[in-house]
Amino acid sequence: MHKTTTPRRAFLSGVLLVSLVPPSLAWAADPYASSPYRHLTPAEWRAKLPGPSFNVLRQEGTEAPFTSPLLNEHHKGQFVCLGCGLPLFKSEWKYNSGTGWPSFWTTIPGALAKKADFAIGVERTEYHCAQCLGHQGHVFPDGPRPTGLRYCNNGVALRFVAA
């Protein structure tokens, strides 16, 4: 099912506004503003990513719950964006939320950009990779201590890199 791109356009409009900031200030506002990944066309992304990953990362789709092999990944390492390789989560922050998606209670600072998402009729907080703007998932306030947050991530949007 194809999802409307209106929320993505709103997100990208915010990024465009950051790009209008003078270069001396743009780095402070968005350290990934000059990322080459932000200039890839949809066709280039489609060639780079497997179909389900393209759907999630570039079209803000969602993978089916309990289908990701990363649910059972318990080795030491990092979970990085499948689109660009930016480290997003450390393995020690992963926990079993019972939701069917890889879940983390915190993230590497500066790795994610967040926005409001109303796609299902209620407000949720959606997050994207800060470097390539690939959709990762949603964050909820029902996670474990110490943050109380649950970063609910699509497994097809991640790659695990062992330490």
# chains A, B, ... in the order shown; residues from 1 in each chain; ligands from 1
call {"tool": "select_by_dssp", "arguments": {"residues": "chain A", "states": "alpha helix (DSSP H)", "output": "ChimeraX atom specification"}}
result
/A:6-19,23-29,42-48,51-59
call {"tool": "closest_residue", "arguments": {"among": "A:Asp30, A:Ala157, A:Glu123, A:Leu86", "to": "Thr107 of chain A", "atoms": "only C-alpha atoms"}}
result
A:Leu86
call {"tool": "atom_distance", "arguments": {"atom1": "atom CA of Pro42 of chain A", "atom2": "atom CA of Gly100 of chain A"}}
result
28.3 Å
call {"tool": "select_by_dssp", "arguments": {"residues": "segment 67-135 of chain A", "states": "strand (DSSP E)", "output": "JSON, numbers by chain"}}
result
{"A": [77, 78, 79, 80, 81, 87, 88, 89, 90, 94, 95, 103, 104, 112, 113, 114, 115, 116, 117, 124, 125, 126, 127, 128, 129, 135]}
call {"tool": "closest_residue", "arguments": {"among": "A:Gly98, A:Ala116, A:Cys129, A:Gly61", "to": "Asp142 of chain A", "atoms": "only C-alpha atoms"}}
result
A:Gly98
call {"tool": "atom_distance", "arguments": {"atom1": "atom CA of Tyr95 of chain A", "atom2": "atom CA of Gly137 of chain A"}}
result
15.5 Å
call {"tool": "closest_residue", "arguments": {"among": "A:Val139, A:Pro102, A:Trp45, A:Phe118", "to": "Thr67 of chain A", "atoms": "only C-alpha atoms"}}
result
A:Pro102
call {"tool": "atom_distance", "arguments": {"atom1": "atom CA of Ser34 of chain A", "atom2": "atom CA of His135 of chain A"}}
result
18.5 Å
call {"tool": "residues_around", "arguments": {"residues": "Tyr37 of chain A", "least_positions_apart": "6", "cutoff": "12 Å", "atoms": "only C-alpha atoms", "output": "list in words"}}
result
Glu44, Trp45, Lys48, Arg58, Cys81, Leu82, Gly83, Cys84, Gly85, Leu86, Cys129, Ala130, Gln131, Cys132, Leu133 and Gly134 of chain A
call {"tool": "residues_around", "arguments": {"residues": "Phe66 of chain A", "least_positions_apart": "5", "cutoff": "12 Å", "atoms": "only C-alpha atoms", "output": "JSON list (two decimals) with N, CA and C atoms, in the first residue's frame"}}
result
[["chain", "number", "residue", "atom", "x", "y", "z"],
["A", 71, "LEU", "N", 15.29, -9.08, 16.03],
["A", 71, "LEU", "CA", 14.63, -9.30, 17.32],
["A", 71, "LEU", "C", 15.47, -10.22, 18.20],
["A", 72, "ASN", "N", 16.15, -11.18, 17.56],
["A", 72, "ASN", "CA", 16.94, -12.17, 18.29],
["A", 72, "ASN", "C", 18.44, -11.86, 18.27],
["A", 96, "ASN", "N", 13.63, -6.47, 25.01],
["A", 96, "ASN", "CA", 12.45, -7.13, 24.45],
["A", 96, "ASN", "C", 11.20, -6.43, 24.95],
["A", 97, "SER", "N", 10.57, -5.65, 24.08],
["A", 97, "SER", "CA", 9.37, -4.91, 24.46],
["A", 97, "SER", "C", 8.11, -5.75, 24.29],
["A", 98, "GLY", "N", 8.23, -6.88, 23.58],
["A", 98, "GLY", "CA", 7.06, -7.72, 23.32],
["A", 98, "GLY", "C", 6.19, -7.19, 22.19],
["A", 99, "THR", "N", 6.61, -6.13, 21.52],
["A", 99, "THR", "CA", 5.80, -5.52, 20.47],
["A", 99, "THR", "C", 6.02, -6.15, 19.10],
["A", 100, "GLY", "N", 7.14, -6.87, 18.92],
["A", 100, "GLY", "CA", 7.43, -7.47, 17.63],
["A", 100, "GLY", "C", 8.43, -6.70, 16.79],
["A", 101, "TRP", "N", 8.92, -5.59, 17.32],
["A", 101, "TRP", "CA", 9.94, -4.80, 16.62],
["A", 101, "TRP", "C", 11.13, -4.61, 17.54],
["A", 102, "PRO", "N", 12.34, -4.50, 16.99],
["A", 102, "PRO", "CA", 13.50, -4.20, 17.83],
["A", 102, "PRO", "C", 13.24, -2.89, 18.59],
["A", 103, "SER", "N", 13.48, -2.91, 19.89],
["A", 103, "SER", "CA", 13.20, -1.75, 20.73],
["A", 103, "SER", "C", 14.42, -1.38, 21.55],
["A", 153, "ASN", "N", 11.70, 0.31, 16.50],
["A", 153, "ASN", "CA", 12.36, 0.44, 15.21],
["A", 153, "ASN", "C", 11.99, -0.68, 14.25],
["A", 154, "ASN", "N", 11.87, -0.34, 13.00],
["A", 154, "ASN", "CA", 11.70, -1.35, 11.95],
["A", 154, "ASN", "C", 13.03, -2.05, 11.74],
["A", 155, "GLY", "N", 13.04, -3.37, 11.84],
["A", 155, "GLY", "CA", 14.28, -4.12, 11.66],
["A", 155, "GLY", "C", 14.87, -3.98, 10.26],
["A", 156, "VAL", "N", 14.01, -3.83, 9.23],
["A", 156, "VAL", "CA", 14.51, -3.71, 7.86],
["A", 156, "VAL", "C", 15.18, -2.36, 7.61]]
call {"tool": "residues_around", "arguments": {"residues": "segment 73-78 of chain A", "least_positions_apart": "6", "cutoff": "7 Å", "atoms": "only C-alpha atoms", "output": "PyMOL selection string"}}
result
chain A and resi 87+89-91+160-163
call {"tool": "residues_around", "arguments": {"residues": "Asn55 of chain A", "least_positions_apart": "4", "cutoff": "10 Å", "atoms": "only C-alpha atoms", "output": "ChimeraX atom specification"}}
result
/A:1-3,46,49-51,59-63,135,156-157
call {"tool": "closest_residue", "arguments": {"among": "A:Ala47, A:Ser53, A:Gly143, A:His39", "to": "Trp105 of chain A", "atoms": "only C-alpha atoms"}}
result
A:Gly143
